[in-house]
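S.K.: Next up, model.cif (mmCIF, C-alpha atoms).
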```
data_upload
loop_
_atom_site.group_PDB
_atom_site.id
_atom_site.type_symbol
_atom_site.label_atom_id
_atom_site.label_comp_id
_atom_site.auth_asym_id
_atom_site.auth_seq_id
_atom_site.Cartn_x
_atom_site.Cartn_y
_atom_site.Cartn_z
ATOM 1 C CA MET A 4 19.854 17.028 -23.345
ATOM 2 C CA GLY A 5 18.310 15.236 -20.432
ATOM 3 C CA ARG A 6 17.059 11.716 -20.323
ATOM 4 C CA ARG A 7 13.780 10.417 -21.695
ATOM 5 C CA VAL A 8 11.041 8.783 -19.642
ATOM 6 C CA PHE A 9 12.574 5.414 -20.465
ATOM 7 C CA GLU A 10 16.332 5.408 -20.932
ATOM 8 C CA ARG A 11 17.490 3.214 -23.778
ATOM 9 C CA ARG A 12 20.389 1.932 -21.676
ATOM 10 C CA THR A 13 18.142 0.239 -19.114
ATOM 11 C CA LEU A 14 14.950 -0.186 -21.161
ATOM 12 C CA VAL A 15 15.044 -3.996 -21.411
ATOM 13 C CA ARG A 16 15.951 -4.426 -17.741
ATOM 14 C CA ASP A 17 13.230 -1.949 -16.741
ATOM 15 C CA ILE A 18 10.520 -3.774 -18.651
ATOM 16 C CA CYS A 19 11.703 -7.126 -17.239
ATOM 17 C CA LEU A 20 11.541 -5.842 -13.654
ATOM 18 C CA ILE A 21 8.101 -4.262 -14.083
ATOM 19 C CA ALA A 22 6.752 -7.356 -15.870
ATOM 20 C CA ALA A 23 8.228 -9.677 -13.225
ATOM 21 C CA LEU A 24 6.588 -7.757 -10.371
ATOM 22 C CA ALA A 25 3.252 -7.606 -12.222
ATOM 23 C CA LEU A 26 3.499 -11.350 -12.927
ATOM 24 C CA ILE A 27 4.171 -12.159 -9.260
ATOM 25 C CA GLY A 28 1.109 -10.112 -8.314
ATOM 26 C CA LEU A 29 -1.078 -11.826 -10.924
ATOM 27 C CA CYS A 30 0.117 -15.327 -9.965
ATOM 28 C CA LEU A 31 -0.582 -14.658 -6.278
ATOM 29 C CA LEU A 32 -4.009 -13.295 -7.203
ATOM 30 C CA LEU A 33 -4.903 -16.435 -9.194
ATOM 31 C CA PHE A 34 -3.337 -18.723 -6.592
ATOM 32 C CA THR A 35 -5.219 -17.232 -3.641
ATOM 33 C CA GLY A 36 -8.454 -16.911 -5.648
ATOM 34 C CA ARG A 37 -8.559 -20.554 -6.707
ATOM 35 C CA GLY A 38 -8.645 -22.086 -3.261
ATOM 36 C CA SER A 39 -11.695 -20.105 -2.228
ATOM 37 C CA SER A 40 -14.140 -22.898 -1.526
ATOM 38 C CA LYS A 41 -16.969 -21.812 0.711
ATOM 39 C CA GLY A 42 -16.089 -21.481 4.388
ATOM 40 C CA SER A 43 -18.385 -22.407 7.224
ATOM 41 C CA VAL A 44 -17.297 -20.330 10.214
ATOM 42 C CA VAL A 45 -16.540 -16.658 10.550
ATOM 43 C CA GLN A 46 -13.957 -15.466 13.051
ATOM 44 C CA VAL A 47 -13.767 -11.890 14.251
ATOM 45 C CA ALA A 48 -10.479 -10.736 15.742
ATOM 46 C CA VAL A 49 -9.832 -7.444 17.496
ATOM 47 C CA ASP A 50 -6.184 -6.530 18.089
ATOM 48 C CA GLY A 51 -5.208 -10.017 16.969
ATOM 49 C CA GLU A 52 -7.428 -11.791 19.475
ATOM 50 C CA VAL A 53 -10.410 -13.819 18.303
ATOM 51 C CA VAL A 54 -13.425 -12.353 20.086
ATOM 52 C CA LEU A 55 -16.218 -13.966 18.114
ATOM 53 C CA SER A 56 -16.652 -17.207 16.208
ATOM 54 C CA ILE A 57 -19.976 -17.762 14.481
ATOM 55 C CA PRO A 58 -21.182 -20.345 11.944
ATOM 56 C CA LEU A 59 -22.032 -18.812 8.574
ATOM 57 C CA SER A 60 -25.292 -20.734 8.589
ATOM 58 C CA ARG A 61 -26.679 -18.690 11.470
ATOM 59 C CA ASP A 62 -27.989 -15.315 10.313
ATOM 60 C CA GLY A 63 -27.531 -12.441 12.715
ATOM 61 C CA SER A 64 -26.069 -9.061 13.453
ATOM 62 C CA TYR A 65 -23.175 -8.576 15.866
ATOM 63 C CA SER A 66 -21.595 -5.495 17.359
ATOM 64 C CA VAL A 67 -17.881 -5.828 18.072
ATOM 65 C CA ASN A 68 -15.043 -3.805 19.552
ATOM 66 C CA GLY A 69 -17.319 -1.712 21.757
ATOM 67 C CA GLY A 70 -19.695 -0.994 18.888
ATOM 68 C CA SER A 71 -17.092 0.333 16.465
ATOM 69 C CA ASN A 72 -18.003 -2.226 13.809
ATOM 70 C CA THR A 73 -21.254 -4.036 13.084
ATOM 71 C CA ILE A 74 -20.988 -7.419 11.416
ATOM 72 C CA GLU A 75 -23.849 -9.167 9.699
ATOM 73 C CA VAL A 76 -24.166 -12.807 8.716
ATOM 74 C CA LYS A 77 -26.824 -13.533 6.113
ATOM 75 C CA ASP A 78 -27.422 -16.287 3.534
ATOM 76 C CA GLY A 79 -24.086 -17.941 4.324
ATOM 77 C CA ARG A 80 -22.094 -14.749 3.778
ATOM 78 C CA VAL A 81 -20.619 -12.159 6.117
ATOM 79 C CA SER A 82 -20.020 -8.428 5.821
ATOM 80 C CA ILE A 83 -19.118 -5.439 7.944
ATOM 81 C CA VAL A 84 -22.299 -3.406 7.502
ATOM 82 C CA ASP A 85 -21.415 -0.437 9.671
ATOM 83 C CA ALA A 86 -18.222 1.091 11.086
ATOM 84 C CA ASP A 87 -17.096 4.335 12.658
ATOM 85 C CA CYS A 88 -13.667 4.388 11.001
ATOM 86 C CA PRO A 89 -12.935 7.395 8.781
ATOM 87 C CA ASP A 90 -12.419 5.603 5.464
ATOM 88 C CA ARG A 91 -15.119 2.900 5.877
ATOM 89 C CA LEU A 92 -13.164 0.702 3.463
ATOM 90 C CA CYS A 93 -14.254 -2.302 5.500
ATOM 91 C CA VAL A 94 -17.917 -1.581 4.767
ATOM 92 C CA ARG A 95 -17.219 -1.061 1.066
ATOM 93 C CA GLN A 96 -15.583 -4.476 0.789
ATOM 94 C CA GLY A 97 -19.018 -6.062 0.807
ATOM 95 C CA TRP A 98 -19.863 -9.709 1.428
ATOM 96 C CA ILE A 99 -17.427 -12.609 1.639
ATOM 97 C CA ASP A 100 -17.952 -16.369 2.010
ATOM 98 C CA GLY A 101 -14.764 -18.018 0.692
ATOM 99 C CA LYS A 102 -12.412 -19.914 2.964
ATOM 100 C CA GLY A 103 -9.455 -17.654 3.840
ATOM 101 C CA GLN A 104 -11.144 -14.449 2.691
ATOM 102 C CA SER A 105 -10.889 -11.495 5.067
ATOM 103 C CA ILE A 106 -12.222 -8.045 5.664
ATOM 104 C CA VAL A 107 -9.793 -5.832 7.536
ATOM 105 C CA CYS A 108 -10.674 -2.590 9.260
ATOM 106 C CA LEU A 109 -7.196 -1.165 9.839
ATOM 107 C CA PRO A 110 -8.210 1.931 11.848
ATOM 108 C CA ASN A 111 -10.267 -0.122 14.334
ATOM 109 C CA ARG A 112 -7.948 -3.139 14.144
ATOM 110 C CA VAL A 113 -10.873 -5.450 13.454
ATOM 111 C CA ILE A 114 -10.391 -8.472 11.201
ATOM 112 C CA VAL A 115 -13.199 -10.676 9.920
ATOM 113 C CA THR A 116 -11.991 -13.978 8.452
ATOM 114 C CA VAL A 117 -13.922 -16.860 6.956
ATOM 115 C CA VAL A 118 -12.441 -20.207 7.957
ATOM 116 C CA GLY A 119 -13.162 -23.829 7.128
ATOM 117 C CA GLY A 120 -14.276 -25.427 10.333
ATOM 118 C CA GLU A 121 -15.155 -28.812 8.807
ATOM 119 C CA SER A 122 -11.569 -29.946 8.874
ATOM 120 C CA SER A 123 -12.492 -33.615 9.406
ATOM 121 C CA ILE A 124 -13.524 -33.901 5.773
ATOM 122 C CA ASP A 125 -9.910 -33.351 4.704
ATOM 123 C CA PHE A 126 -8.891 -36.636 6.247
ATOM 124 C CA VAL A 127 -11.362 -38.906 4.459
ATOM 125 C CA LEU A 128 -9.410 -41.462 2.495
ATOM 126 C CA MET B 4 25.397 25.603 -2.102
ATOM 127 C CA GLU B 5 24.267 24.319 1.301
ATOM 128 C CA THR B 6 21.608 27.039 1.566
ATOM 129 C CA ARG B 7 20.350 26.298 -1.911
ATOM 130 C CA LYS B 8 20.043 22.620 -1.039
ATOM 131 C CA LEU B 9 18.224 23.427 2.206
ATOM 132 C CA ALA B 10 15.779 25.650 0.330
ATOM 133 C CA ARG B 11 15.169 22.918 -2.210
ATOM 134 C CA ILE B 12 14.519 20.358 0.543
ATOM 135 C CA GLY B 13 12.016 22.753 2.116
ATOM 136 C CA VAL B 14 10.210 23.310 -1.181
ATOM 137 C CA LEU B 15 10.036 19.557 -1.841
ATOM 138 C CA VAL B 16 8.686 18.834 1.669
ATOM 139 C CA ALA B 17 5.979 21.450 1.081
ATOM 140 C CA LEU B 18 5.208 19.967 -2.337
ATOM 141 C CA ALA B 19 5.008 16.438 -0.943
ATOM 142 C CA MET B 20 2.668 17.680 1.809
ATOM 143 C CA VAL B 21 0.365 19.378 -0.695
ATOM 144 C CA LEU B 22 0.350 16.274 -2.879
ATOM 145 C CA SER B 23 -0.582 14.000 0.051
ATOM 146 C CA TYR B 24 -3.333 16.423 1.026
ATOM 147 C CA VAL B 25 -4.703 16.553 -2.534
ATOM 148 C CA GLU B 26 -4.654 12.767 -2.640
ATOM 149 C CA SER B 27 -6.502 12.488 0.671
ATOM 150 C CA LEU B 28 -9.392 14.417 -0.934
ATOM 151 C CA PHE B 29 -10.030 11.640 -3.467
ATOM 152 C CA PRO B 30 -12.068 8.669 -2.331
ATOM 153 C CA ALA B 31 -10.279 5.313 -2.595
ATOM 154 C CA PHE B 32 -10.878 3.554 -5.941
ATOM 155 C CA ILE B 33 -10.654 0.051 -4.547
ATOM 156 C CA ALA B 34 -11.934 -0.965 -1.134
ATOM 157 C CA VAL B 35 -8.620 -2.370 0.057
ATOM 158 C CA PRO B 36 -6.655 -0.557 2.748
ATOM 159 C CA GLY B 37 -3.353 0.786 1.464
ATOM 160 C CA VAL B 38 -4.250 1.118 -2.225
ATOM 161 C CA ARG B 39 -3.137 4.622 -3.185
ATOM 162 C CA ILE B 40 -1.431 6.374 -6.061
ATOM 163 C CA GLY B 41 1.053 8.013 -3.720
ATOM 164 C CA LEU B 42 1.283 11.365 -5.463
ATOM 165 C CA ALA B 43 3.768 12.600 -2.851
ATOM 166 C CA ASN B 44 6.226 10.052 -4.192
ATOM 167 C CA ILE B 45 6.701 12.221 -7.279
ATOM 168 C CA ALA B 46 8.504 14.671 -4.994
ATOM 169 C CA ILE B 47 10.399 11.851 -3.261
ATOM 170 C CA VAL B 48 11.583 10.233 -6.514
ATOM 171 C CA PHE B 49 12.535 13.670 -7.826
ATOM 172 C CA ALA B 50 14.535 14.347 -4.653
ATOM 173 C CA LEU B 51 16.248 10.957 -4.881
ATOM 174 C CA TYR B 52 17.450 11.697 -8.412
ATOM 175 C CA THR B 53 18.339 15.362 -8.079
ATOM 176 C CA LEU B 54 19.500 15.675 -4.447
ATOM 177 C CA GLY B 55 20.451 12.212 -3.217
ATOM 178 C CA PHE B 56 19.432 9.445 -0.841
ATOM 179 C CA LYS B 57 19.945 11.259 2.482
ATOM 180 C CA GLU B 58 18.007 14.304 1.317
ATOM 181 C CA ALA B 59 15.168 12.170 -0.087
ATOM 182 C CA LEU B 60 15.004 10.217 3.183
ATOM 183 C CA LEU B 61 14.825 13.450 5.177
ATOM 184 C CA ILE B 62 12.030 14.821 2.964
ATOM 185 C CA SER B 63 10.156 11.525 3.138
ATOM 186 C CA VAL B 64 10.326 11.188 6.928
ATOM 187 C CA VAL B 65 9.383 14.831 7.560
ATOM 188 C CA ARG B 66 6.503 14.504 5.084
ATOM 189 C CA VAL B 67 5.176 11.313 6.692
ATOM 190 C CA VAL B 68 5.407 12.649 10.256
ATOM 191 C CA LEU B 69 3.773 15.975 9.370
ATOM 192 C CA SER B 70 1.006 14.304 7.328
ATOM 193 C CA ALA B 71 0.241 11.915 10.162
ATOM 194 C CA LEU B 72 0.071 14.793 12.640
ATOM 195 C CA LEU B 73 -2.186 16.861 10.385
ATOM 196 C CA PHE B 74 -4.426 14.336 8.631
ATOM 197 C CA GLY B 75 -3.752 10.912 10.152
ATOM 198 C CA SER B 76 -3.192 9.010 13.356
ATOM 199 C CA VAL B 77 -0.364 7.369 15.274
ATOM 200 C CA LEU B 78 -1.145 4.042 13.627
ATOM 201 C CA SER B 79 -1.115 5.492 10.131
ATOM 202 C CA LEU B 80 2.271 6.983 11.019
ATOM 203 C CA ALA B 81 3.692 3.517 11.730
ATOM 204 C CA TYR B 82 2.367 2.086 8.454
ATOM 205 C CA SER B 83 3.513 4.958 6.268
ATOM 206 C CA LEU B 84 6.893 5.303 7.940
ATOM 207 C CA ALA B 85 7.720 1.628 7.400
ATOM 208 C CA GLY B 86 6.446 1.788 3.834
ATOM 209 C CA SER B 87 8.302 4.924 2.834
ATOM 210 C CA ILE B 88 11.629 4.058 4.443
ATOM 211 C CA LEU B 89 11.658 0.573 2.901
ATOM 212 C CA SER B 90 10.584 1.933 -0.461
ATOM 213 C CA LEU B 91 13.275 4.626 -0.433
ATOM 214 C CA CYS B 92 16.036 2.137 0.456
ATOM 215 C CA VAL B 93 14.922 -0.204 -2.334
ATOM 216 C CA MET B 94 14.787 2.672 -4.816
ATOM 217 C CA ALA B 95 18.206 4.015 -3.826
ATOM 218 C CA PHE B 96 19.683 0.536 -4.305
ATOM 219 C CA LEU B 97 18.006 -0.185 -7.648
ATOM 220 C CA LYS B 98 18.713 3.294 -9.013
ATOM 221 C CA ARG B 99 22.155 2.179 -10.141
ATOM 222 C CA PHE B 100 20.830 -0.629 -12.322
ATOM 223 C CA PHE B 101 17.413 0.501 -13.545
ATOM 224 C CA GLY B 102 15.670 3.492 -15.112
ATOM 225 C CA THR B 103 13.336 5.882 -13.307
ATOM 226 C CA VAL B 104 10.048 4.115 -14.057
ATOM 227 C CA ALA B 105 11.267 0.677 -12.965
ATOM 228 C CA VAL B 106 12.804 2.192 -9.815
ATOM 229 C CA SER B 107 9.498 3.860 -9.039
ATOM 230 C CA VAL B 108 7.592 0.591 -9.607
ATOM 231 C CA ALA B 109 9.912 -1.264 -7.227
ATOM 232 C CA GLY B 110 9.420 1.596 -4.780
ATOM 233 C CA GLY B 111 5.634 1.370 -5.039
ATOM 234 C CA VAL B 112 5.590 -2.389 -4.482
ATOM 235 C CA SER B 113 8.051 -2.271 -1.574
ATOM 236 C CA HIS B 114 6.080 0.586 0.002
ATOM 237 C CA ASN B 115 3.017 -1.656 0.107
ATOM 238 C CA LEU B 116 5.034 -4.649 1.338
ATOM 239 C CA GLY B 117 6.437 -2.563 4.202
ATOM 240 C CA GLN B 118 2.947 -1.446 5.162
ATOM 241 C CA ILE B 119 1.599 -5.003 5.117
ATOM 242 C CA ALA B 120 4.509 -6.215 7.241
ATOM 243 C CA VAL B 121 3.881 -3.549 9.902
ATOM 244 C CA ALA B 122 0.115 -4.140 9.787
ATOM 245 C CA CYS B 123 0.721 -7.881 10.344
ATOM 246 C CA LEU B 124 2.950 -7.054 13.318
ATOM 247 C CA ILE B 125 0.546 -4.558 14.882
ATOM 248 C CA LEU B 126 -2.568 -6.663 14.346
ATOM 249 C CA GLN B 127 -0.749 -9.915 15.203
ATOM 250 C CA THR B 128 -2.269 -11.723 12.257
ATOM 251 C CA ARG B 129 -1.409 -12.970 8.812
ATOM 252 C CA ALA B 130 -4.944 -12.361 7.536
ATOM 253 C CA ILE B 131 -3.796 -9.092 5.973
ATOM 254 C CA ALA B 132 -1.480 -11.033 3.673
ATOM 255 C CA TYR B 133 -4.745 -11.850 1.889
ATOM 256 C CA TYR B 134 -4.469 -8.387 0.338
ATOM 257 C CA LEU B 135 -0.887 -9.011 -0.802
ATOM 258 C CA PRO B 136 -1.651 -9.734 -4.497
ATOM 259 C CA VAL B 137 -3.886 -6.681 -4.840
ATOM 260 C CA LEU B 138 -1.333 -4.499 -3.081
ATOM 261 C CA ILE B 139 1.528 -5.753 -5.282
ATOM 262 C CA LEU B 140 -0.478 -5.054 -8.442
ATOM 263 C CA SER B 141 -1.603 -1.649 -7.205
ATOM 264 C CA GLY B 142 2.013 -0.878 -6.300
ATOM 265 C CA VAL B 143 3.084 -1.703 -9.860
ATOM 266 C CA ALA B 144 0.314 0.421 -11.376
ATOM 267 C CA ALA B 145 0.947 3.372 -9.071
ATOM 268 C CA GLY B 146 4.701 3.021 -9.594
ATOM 269 C CA VAL B 147 4.352 3.236 -13.377
ATOM 270 C CA VAL B 148 2.239 6.415 -13.148
ATOM 271 C CA ILE B 149 4.495 8.070 -10.545
ATOM 272 C CA GLY B 150 7.634 6.944 -12.382
ATOM 273 C CA ILE B 151 6.546 8.432 -15.706
ATOM 274 C CA VAL B 152 5.542 11.743 -14.105
ATOM 275 C CA ALA B 153 8.752 11.879 -12.058
ATOM 276 C CA ALA B 154 10.903 11.050 -15.095
ATOM 277 C CA ILE B 155 9.290 13.866 -17.078
ATOM 278 C CA VAL B 156 9.776 16.337 -14.207
ATOM 279 C CA ILE B 157 13.391 15.242 -13.678
ATOM 280 C CA ASP B 158 14.017 15.588 -17.427
ATOM 281 C CA ARG B 159 12.546 19.099 -17.563
ATOM 282 C CA LEU B 160 14.033 20.508 -14.351
ATOM 283 C CA ASP B 161 17.292 18.669 -13.862
ATOM 284 C CA GLY B 162 19.382 21.004 -15.991
ATOM 285 C CA GLY B 163 23.046 21.765 -15.277
ATOM 286 C CA GLU B 164 21.982 24.205 -12.580
ATOM 287 C CA MET B 165 20.296 21.506 -10.476
ATOM 288 C CA ASN B 166 23.454 19.426 -10.328
ATOM 289 C CA GLU B 167 25.974 20.875 -7.972
#
```
Could I get this structure in the form of structure tokens?

M.R.:
Amino acid sequence: MGRRVFERRTLVRDICLIAALALIGLCLLLFTGRGSSKGSVVQVAVDGEVVLSIPLSRDGSYSVNGGSNTIEVKDGRVSIVDADCPDRLCVRQGWIDGKGQSIVCLPNRVIVTVVGGESSIDFVL
Amino acid sequence: METRKLARIGVLVALAMVLSYVESLFPAFIAVPGVRIGLANIAIVFALYTLGFKEALLISVVRVVLSALLFGSVLSLAYSLAGSILSLCVMAFLKRFFGTVAVSVAGGVSHNLGQIAVACLILQTRAIAYYLPVLILSGVAAGVVIGIVAAIVIDRLDGGEMNE
């Protein structure tokens, strides 16, 4: 007869590998989530080049990349509110405000990243 | 034997194409680019186990190129090609030491890693690495589902006749 879904020969190794990969994913998730203190500046990059840098404190709506994506800053948070890409995953990602958080629109190659900006505070002794 | 193999490759390419099309009809569950079940990988894992690495690679590349031409774009071709080739190499290597489900999980994770790497290169940024944890976890989840389905299909179909 053929094999089962899990072969007994490799069962322990299989579970170890799957658990290890899941654990790496979970650790990275916790690690990157913890450092998400609020950012102060939002950077918009198109094709890897920063085209817009706005403070999160200034509410407003911005059209980038020739109008392909519309970015809105409101109440200290930023979101892509409109896009012409087919999947519109960037719009569905909602609002972000944490330092290092990003919204990526792969089809339009637009990246919105929240950065610190008040770096001087890190050097207070 | 060669003709039979060729026919089987053709059938599996067609199956993989149908599966990617069916998957493209579902909306994404999570709003992160690259999170997919990867139904077509059932056909790829099946090919890897019943035909071999070269045949699986051929099916995978033909599937990715045709899908990109029909439903995608040039950019999506670059992402998927990197993902599927990396994932297939990892799976072919691990196949000797691990069972089907674990191989499929490693394939799912490496598929997503390959895509992230190419996206970082194309977009010239590391911001996409922000999605890394989610993509690793989704790769594990998708890999388990695909692995179990593929193992069942291999078990049912891989009789003496399938092995040359």

S.K.: Find the residues in chain B near chain A: any atom within 8 Å counts, using only C-alpha atoms. Write them as a count of residues only.

M.R.: 33

S.K.: Compile the contact shell of Ser23 of chain B as a list in words: residues with an atom at most 12 Å away, counting all atoms listed in the file, same-chain residues fewer than 6 positions apart removed.

M.R.: Val16, Ala17, Phe29, Arg39, Ile40, Gly41, Leu42, Ala43, Asn44, Ile45, Ala46, Ile47, Ser63, Arg66, Val67, Val68, Leu69, Ser70, Ala71, Leu73, Phe74, Gly75 and Ser83 of chain B

S.K.: Looking at all atoms listed in the file, which of B:Leu91, B:Leu61, B:Ala19, B:Leu97 is the one that sits closest to Gly117 of chain B?

M.R.: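 Closest residue, counting all atoms listed in the file: B:Leu91.
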
S.K.: Could you write out as a ChimeraX atom specification the residues that the PyMOL selection byres ((chain A and resi 79-83) around 12) matches in the shown file?

M.R.: /A:41-47,56-67,70-78,84-88,91-102,104-108,113-118

S.K.: Could the residues in this selection be saved with C-alpha atoms as a CSV table (one decimal), in the coordinates of the input?

M.R.:
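Saved result, again24.csv, follows:
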```csv
chain,number,residue,atom,x,y,z
A,41,LYS,CA,-17.0,-21.8,0.7
A,42,GLY,CA,-16.1,-21.5,4.4
A,43,SER,CA,-18.4,-22.4,7.2
A,44,VAL,CA,-17.3,-20.3,10.2
A,45,VAL,CA,-16.5,-16.7,10.6
A,46,GLN,CA,-14.0,-15.5,13.1
A,47,VAL,CA,-13.8,-11.9,14.3
A,56,SER,CA,-16.7,-17.2,16.2
A,57,ILE,CA,-20.0,-17.8,14.5
A,58,PRO,CA,-21.2,-20.3,11.9
A,59,LEU,CA,-22.0,-18.8,8.6
A,60,SER,CA,-25.3,-20.7,8.6
A,61,ARG,CA,-26.7,-18.7,11.5
A,62,ASP,CA,-28.0,-15.3,10.3
A,63,GLY,CA,-27.5,-12.4,12.7
A,64,SER,CA,-26.1,-9.1,13.5
A,65,TYR,CA,-23.2,-8.6,15.9
A,66,SER,CA,-21.6,-5.5,17.4
A,67,VAL,CA,-17.9,-5.8,18.1
A,70,GLY,CA,-19.7,-1.0,18.9
A,71,SER,CA,-17.1,0.3,16.5
A,72,ASN,CA,-18.0,-2.2,13.8
A,73,THR,CA,-21.3,-4.0,13.1
A,74,ILE,CA,-21.0,-7.4,11.4
A,75,GLU,CA,-23.8,-9.2,9.7
A,76,VAL,CA,-24.2,-12.8,8.7
A,77,LYS,CA,-26.8,-13.5,6.1
A,78,ASP,CA,-27.4,-16.3,3.5
A,84,VAL,CA,-22.3,-3.4,7.5
A,85,ASP,CA,-21.4,-0.4,9.7
A,86,ALA,CA,-18.2,1.1,11.1
A,87,ASP,CA,-17.1,4.3,12.7
A,88,CYS,CA,-13.7,4.4,11.0
A,91,ARG,CA,-15.1,2.9,5.9
A,92,LEU,CA,-13.2,0.7,3.5
A,93,CYS,CA,-14.3,-2.3,5.5
A,94,VAL,CA,-17.9,-1.6,4.8
A,95,ARG,CA,-17.2,-1.1,1.1
A,96,GLN,CA,-15.6,-4.5,0.8
A,97,GLY,CA,-19.0,-6.1,0.8
A,98,TRP,CA,-19.9,-9.7,1.4
A,99,ILE,CA,-17.4,-12.6,1.6
A,100,ASP,CA,-18.0,-16.4,2.0
A,101,GLY,CA,-14.8,-18.0,0.7
A,102,LYS,CA,-12.4,-19.9,3.0
A,104,GLN,CA,-11.1,-14.4,2.7
A,105,SER,CA,-10.9,-11.5,5.1
A,106,ILE,CA,-12.2,-8.0,5.7
A,107,VAL,CA,-9.8,-5.8,7.5
A,108,CYS,CA,-10.7,-2.6,9.3
A,113,VAL,CA,-10.9,-5.4,13.5
A,114,ILE,CA,-10.4,-8.5,11.2
A,115,VAL,CA,-13.2,-10.7,9.9
A,116,THR,CA,-12.0,-14.0,8.5
A,117,VAL,CA,-13.9,-16.9,7.0
A,118,VAL,CA,-12.4,-20.2,8.0
```

S.K.: Restricting the calculation to only C-alpha atoms: of B:Cys92, B:Ile149, B:Leu84, B:Val21, which residue gets closest to Gly111 of chain B?

M.R.: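 Under the stated criterion, the closest residue is B:Ile149.
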
S.K.: Between atom CA of Leu160 of chain B and atom CA of Leu89 of chain B, what is the distance, to one decimal in Å?

M.R.: 26.5 Å
